[in-house]
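To be precise, the following lines are protein27.pdb, and they hold PDB, C-alpha atoms and all ligand atoms.
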```
MODEL        1
ATOM      1  CA  MET A   1       0.000   0.000   0.000  1.00  0.00           C
ATOM      2  CA  SER A   2       1.565   3.247  -1.140  1.00  0.00           C
ATOM      3  CA  SER A   3      -0.309   5.925   0.764  1.00  0.00           C
ATOM      4  CA  HIS A   4      -3.319   6.402   2.958  1.00  0.00           C
ATOM      5  CA  TYR A   5      -4.118   9.598   1.112  1.00  0.00           C
ATOM      6  CA  LEU A   6      -5.316  10.252  -2.415  1.00  0.00           C
ATOM      7  CA  SER A   7      -3.036  11.437  -5.163  1.00  0.00           C
ATOM      8  CA  PRO A   8      -3.524  15.080  -6.203  1.00  0.00           C
ATOM      9  CA  GLU A   9      -5.306  13.907  -9.367  1.00  0.00           C
ATOM     10  CA  GLN A  10      -7.690  11.635  -7.439  1.00  0.00           C
ATOM     11  CA  ASN A  11      -8.303  14.448  -5.006  1.00  0.00           C
ATOM     12  CA  ARG A  12      -9.136  16.797  -7.874  1.00  0.00           C
ATOM     13  CA  ARG A  13     -11.735  14.345  -9.201  1.00  0.00           C
ATOM     14  CA  LEU A  14     -13.342  14.086  -5.795  1.00  0.00           C
ATOM     15  CA  ARG A  15     -13.416  17.854  -5.253  1.00  0.00           C
ATOM     16  CA  ARG A  16     -14.991  18.253  -8.710  1.00  0.00           C
ATOM     17  CA  TRP A  17     -17.754  15.824  -7.708  1.00  0.00           C
ATOM     18  CA  GLU A  18     -18.266  17.789  -4.505  1.00  0.00           C
ATOM     19  CA  SER A  19     -18.650  21.111  -6.277  1.00  0.00           C
ATOM     20  CA  TRP A  20     -21.113  19.576  -8.765  1.00  0.00           C
ATOM     21  CA  ASN A  21     -23.025  17.962  -5.966  1.00  0.00           C
ATOM     22  CA  ARG A  22     -23.193  21.088  -3.838  1.00  0.00           C
ATOM     23  CA  GLY A  23     -23.932  23.328  -6.826  1.00  0.00           C
ATOM     24  CA  TYR A  24     -26.781  21.173  -8.012  1.00  0.00           C
ATOM     25  CA  PHE A  25     -28.172  20.818  -4.502  1.00  0.00           C
ATOM     26  CA  ILE A  26     -28.377  24.611  -4.125  1.00  0.00           C
ATOM     27  CA  VAL A  27     -29.978  25.018  -7.567  1.00  0.00           C
ATOM     28  CA  ALA A  28     -32.497  22.265  -6.842  1.00  0.00           C
ATOM     29  CA  PHE A  29     -33.276  23.712  -3.415  1.00  0.00           C
ATOM     30  CA  ILE A  30     -34.002  27.172  -4.843  1.00  0.00           C
ATOM     31  CA  ALA A  31     -36.024  25.679  -7.698  1.00  0.00           C
ATOM     32  CA  LEU A  32     -37.969  23.590  -5.195  1.00  0.00           C
ATOM     33  CA  ILE A  33     -38.926  26.653  -3.162  1.00  0.00           C
ATOM     34  CA  VAL A  34     -39.874  28.621  -6.282  1.00  0.00           C
ATOM     35  CA  VAL A  35     -41.989  25.741  -7.564  1.00  0.00           C
ATOM     36  CA  LEU A  36     -43.720  25.249  -4.222  1.00  0.00           C
ATOM     37  CA  VAL A  37     -44.401  28.959  -3.709  1.00  0.00           C
ATOM     38  CA  PHE A  38     -45.607  29.621  -7.237  1.00  0.00           C
ATOM     39  CA  SER A  39     -47.063  26.216  -8.055  1.00  0.00           C
ATOM     40  CA  SER A  40     -50.653  27.449  -8.260  1.00  0.00           C
ATOM     41  CA  GLU A  41     -49.662  30.498 -10.363  1.00  0.00           C
ATOM     42  CA  LEU A  42     -47.653  28.255 -12.679  1.00  0.00           C
ATOM     43  CA  GLY A  43     -50.633  25.962 -13.010  1.00  0.00           C
ATOM     44  CA  LEU A  44     -48.634  23.033 -11.634  1.00  0.00           C
ATOM     45  CA  SER A  45     -51.038  22.229  -8.876  1.00  0.00           C
ATOM     46  CA  SER A  46     -54.658  22.799  -8.095  1.00  0.00           C
ATOM     47  CA  ALA A  47     -56.906  21.554  -5.359  1.00  0.00           C
ATOM     48  CA  ASP A  48     -57.640  18.335  -7.201  1.00  0.00           C
ATOM     49  CA  SER A  49     -54.442  17.685  -9.164  1.00  0.00           C
ATOM     50  CA  TRP A  50     -50.901  17.373  -7.829  1.00  0.00           C
ATOM     51  CA  GLY A  51     -49.712  15.378 -10.829  1.00  0.00           C
ATOM     52  CA  PRO A  52     -47.586  17.966 -12.697  1.00  0.00           C
ATOM     53  CA  LEU A  53     -46.087  19.265  -9.442  1.00  0.00           C
ATOM     54  CA  GLY A  54     -45.152  15.724  -8.470  1.00  0.00           C
ATOM     55  CA  VAL A  55     -43.354  15.253 -11.786  1.00  0.00           C
ATOM     56  CA  VAL A  56     -41.389  18.490 -11.285  1.00  0.00           C
ATOM     57  CA  LEU A  57     -40.383  17.421  -7.770  1.00  0.00           C
ATOM     58  CA  VAL A  58     -39.189  14.023  -9.001  1.00  0.00           C
ATOM     59  CA  LEU A  59     -37.197  15.663 -11.830  1.00  0.00           C
ATOM     60  CA  LEU A  60     -35.519  17.981  -9.318  1.00  0.00           C
ATOM     61  CA  ILE A  61     -34.683  15.267  -6.797  1.00  0.00           C
ATOM     62  CA  LEU A  62     -33.644  12.512  -9.215  1.00  0.00           C
ATOM     63  CA  PRO A  63     -30.274  14.097 -10.201  1.00  0.00           C
ATOM     64  CA  ILE A  64     -29.379  14.413  -6.498  1.00  0.00           C
ATOM     65  CA  ILE A  65     -29.857  10.668  -6.110  1.00  0.00           C
ATOM     66  CA  ILE A  66     -27.897   9.958  -9.318  1.00  0.00           C
ATOM     67  CA  LEU A  67     -25.025  12.216  -8.197  1.00  0.00           C
ATOM     68  CA  GLN A  68     -24.887  10.434  -4.845  1.00  0.00           C
ATOM     69  CA  LEU A  69     -24.869   6.996  -6.443  1.00  0.00           C
ATOM     70  CA  ARG A  70     -22.158   7.996  -8.922  1.00  0.00           C
ATOM     71  CA  LEU A  71     -19.574   8.835  -6.273  1.00  0.00           C
ATOM     72  CA  ARG A  72     -16.867   6.185  -6.144  1.00  0.00           C
ATOM     73  CA  CYS A  73     -13.750   6.034  -4.057  1.00  0.00           C
ATOM     74  CA  PRO A  74     -10.915   7.078  -6.409  1.00  0.00           C
ATOM     75  CA  ALA A  75      -8.590   4.617  -4.689  1.00  0.00           C
ATOM     76  CA  CYS A  76     -10.552   1.350  -4.523  1.00  0.00           C
ATOM     77  CA  ASP A  77     -13.386   2.209  -6.948  1.00  0.00           C
ATOM     78  CA  GLN A  78     -16.065   1.110  -4.500  1.00  0.00           C
ATOM     79  CA  LYS A  79     -19.268   3.113  -4.456  1.00  0.00           C
ATOM     80  CA  ILE A  80     -19.515   5.481  -1.529  1.00  0.00           C
ATOM     81  CA  GLY A  81     -23.139   6.328  -2.238  1.00  0.00           C
ATOM     82  CA  TRP A  82     -25.218   7.439   0.684  1.00  0.00           C
ATOM     83  CA  HIS A  83     -22.269   7.889   2.991  1.00  0.00           C
ATOM     84  CA  ALA A  84     -21.568  11.062   1.072  1.00  0.00           C
ATOM     85  CA  LYS A  85     -24.505  13.420   1.614  1.00  0.00           C
ATOM     86  CA  LEU A  86     -23.330  16.862   0.457  1.00  0.00           C
ATOM     87  CA  MET A  87     -19.616  16.290   0.779  1.00  0.00           C
ATOM     88  CA  ALA A  88     -17.487  13.240   0.328  1.00  0.00           C
ATOM     89  CA  PRO A  89     -16.755  11.574   3.681  1.00  0.00           C
ATOM     90  CA  ASP A  90     -13.335  12.017   5.293  1.00  0.00           C
ATOM     91  CA  GLN A  91     -12.477   8.371   4.837  1.00  0.00           C
ATOM     92  CA  CYS A  92     -13.534   5.712   2.372  1.00  0.00           C
ATOM     93  CA  PRO A  93     -15.803   3.236   4.228  1.00  0.00           C
ATOM     94  CA  HIS A  94     -14.307   0.377   2.172  1.00  0.00           C
ATOM     95  CA  CYS A  95     -10.547   0.872   2.037  1.00  0.00           C
ATOM     96  CA  HIS A  96     -10.328   3.476   4.848  1.00  0.00           C
ATOM     97  CA  ARG A  97      -8.197   5.756   2.729  1.00  0.00           C
ATOM     98  CA  PHE A  98      -8.416   9.441   3.559  1.00  0.00           C
ATOM     99  CA  LEU A  99     -10.434  11.070   0.804  1.00  0.00           C
ATOM    100  CA  ARG A 100      -8.111  14.014   0.301  1.00  0.00           C
ATOM    101  CA  SER A 101      -4.548  14.436  -0.792  1.00  0.00           C
ATOM    102  CA  LYS A 102      -1.792  14.849   1.738  1.00  0.00           C
ATOM    103  CA  GLN A 103      -0.888  18.320   0.451  1.00  0.00           C
ATOM    104  CA  SER A 104      -4.331  19.777   1.117  1.00  0.00           C
ATOM    105  CA  ALA A 105      -4.547  18.263   4.601  1.00  0.00           C
TER     106      ALA A 105
HETATM  107 ZN    ZN A 201     -11.857   3.198  -1.026  1.00  0.00          ZN
ENDMDL
END
```
Reformat the file's structure so that it appears as structure tokens.
Ligand SMILES: [Zn+2]
Amino acid sequence: MSSHYLSPEQNRRLRRWESWNRGYFIVAFIALIVVLVFSSELGLSSADSWGPLGVVLVLLILPIIILQLRLRCPACDQKIGWHAKLMAPDQCPHCHRFLRSKQSA
């Protein structure tokens, strides 16, 4: 085993995932609020139909789930998935490698 830390390149990949993940989460959160506040004005929901609003909510939330499921440990290539939340965890739950490079520690 060479190192318990990621290489700078692996670290860059992970940080890129984090910024995508965080960026999308913020966009989706704002969109969610806008949709909920203006849903009746936008004609997305009425007293008897929540169908279109439901579709919009699913479309907003689905990429969050996909982003989470796409995160893999750069070292052992195991999926980290729901351990991640908004940021990658400090350590890979599979190979226990620190998920950052030594330089940025
Ligand atoms: Zn790992």
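Here the PyMOL selection byres (((chain A and resi 4) around 10) and not hetatm) catches exactly these residues: Met1, Ser2, Ser3, Tyr5, Leu6, Ser7, Ala75, Gln91, Cys95, His96, Arg97, Phe98, Leu99, Arg100, Ser101 and Lys102 of chain A.
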Task: Chain and number of each residue from the PyMOL selection byres (((chain A and resi 85) around 10) and not hetatm), as a PyMOL selection string - done: chain A and resi 18+21-22+64-65+67-68+80-84+86-89
Based on the selection just made, write C-alpha atoms of those residues as a compact mmCIF listing (two decimals), keeping the file's coordinate frame.
```txt
# COMPACT_ATOMS: atom_id res chain seq x y z
CA GLU A 18 -18.27 17.79 -4.50
CA ASN A 21 -23.02 17.96 -5.97
CA ARG A 22 -23.19 21.09 -3.84
CA ILE A 64 -29.38 14.41 -6.50
CA ILE A 65 -29.86 10.67 -6.11
CA LEU A 67 -25.02 12.22 -8.20
CA GLN A 68 -24.89 10.43 -4.84
CA ILE A 80 -19.52 5.48 -1.53
CA GLY A 81 -23.14 6.33 -2.24
CA TRP A 82 -25.22 7.44 0.68
CA HIS A 83 -22.27 7.89 2.99
CA ALA A 84 -21.57 11.06 1.07
CA LEU A 86 -23.33 16.86 0.46
CA MET A 87 -19.62 16.29 0.78
CA ALA A 88 -17.49 13.24 0.33
CA PRO A 89 -16.76 11.57 3.68
```
Open item on the list: Would you pick out the contacts of A:Leu36 at 10 Å or less, using only C-alpha atoms, so that residues sharing its chain but fewer than 6 positions from it are not included, and give the list as a list in words?
Closed with: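 The residues that qualify are Ile30, Leu42, Leu44, Ser45, Leu53 and Leu57 of chain A.
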Open item on the list: Report, in Å with one decimal, the straight-line distance from atom CA of A:Gln10 to atom CA of A:Cys92.
Closed with: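 Distance reported for this atom pair: 12.9 Å.
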Open item on the list: I'd like to know which of A:Leu62, A:Val37, A:Leu14, A:Ala28 is closest to ligand ZN 201 (chain A), using only C-alpha atoms and all ligand atoms.
Closed with: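 Answer, going by the shortest atom-to-atom distance: A:Leu14.
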Task: d(atom CA of A:Gln78, atom ZN of ligand ZN 201 (chain A)) in Å - done: 5.8 Å
Open item on the list: For a quick check of understanding, using all atoms listed in the file, which of A:Ser19, A:Cys73, A:Val27, A:Asp90 has the smallest distance to ligand ZN 201 (chain A)?
Closed with: A:Cys73
Open item on the list: So that I can see what lies close to A:Lys79, please list as a PyMOL selection string the residues with an atom at most 8 Å from it, counting only C-alpha atoms and leaving out residues fewer than 6 positions away in the same chain.
Closed with: chain A and resi 69-73
Task: Which residue of A:His94, A:Ile66, A:Pro52, A:Pro8 approaches ligand ZN 201 (chain A) most closely, using only C-alpha atoms and all ligand atoms - done: A:His94
Open item on the list: As an exercise, work out the distance from atom CA of A:Leu32 to atom CA of A:Leu60 in Å and give it to one decimal place.
Closed with: 7.4 Å
Task: Among listed residues A:Val34, A:Val55, A:Ile61, A:Cys76, nearest ligand ZN 201 (chain A) (using all atoms listed in the file) - done: A:Cys76
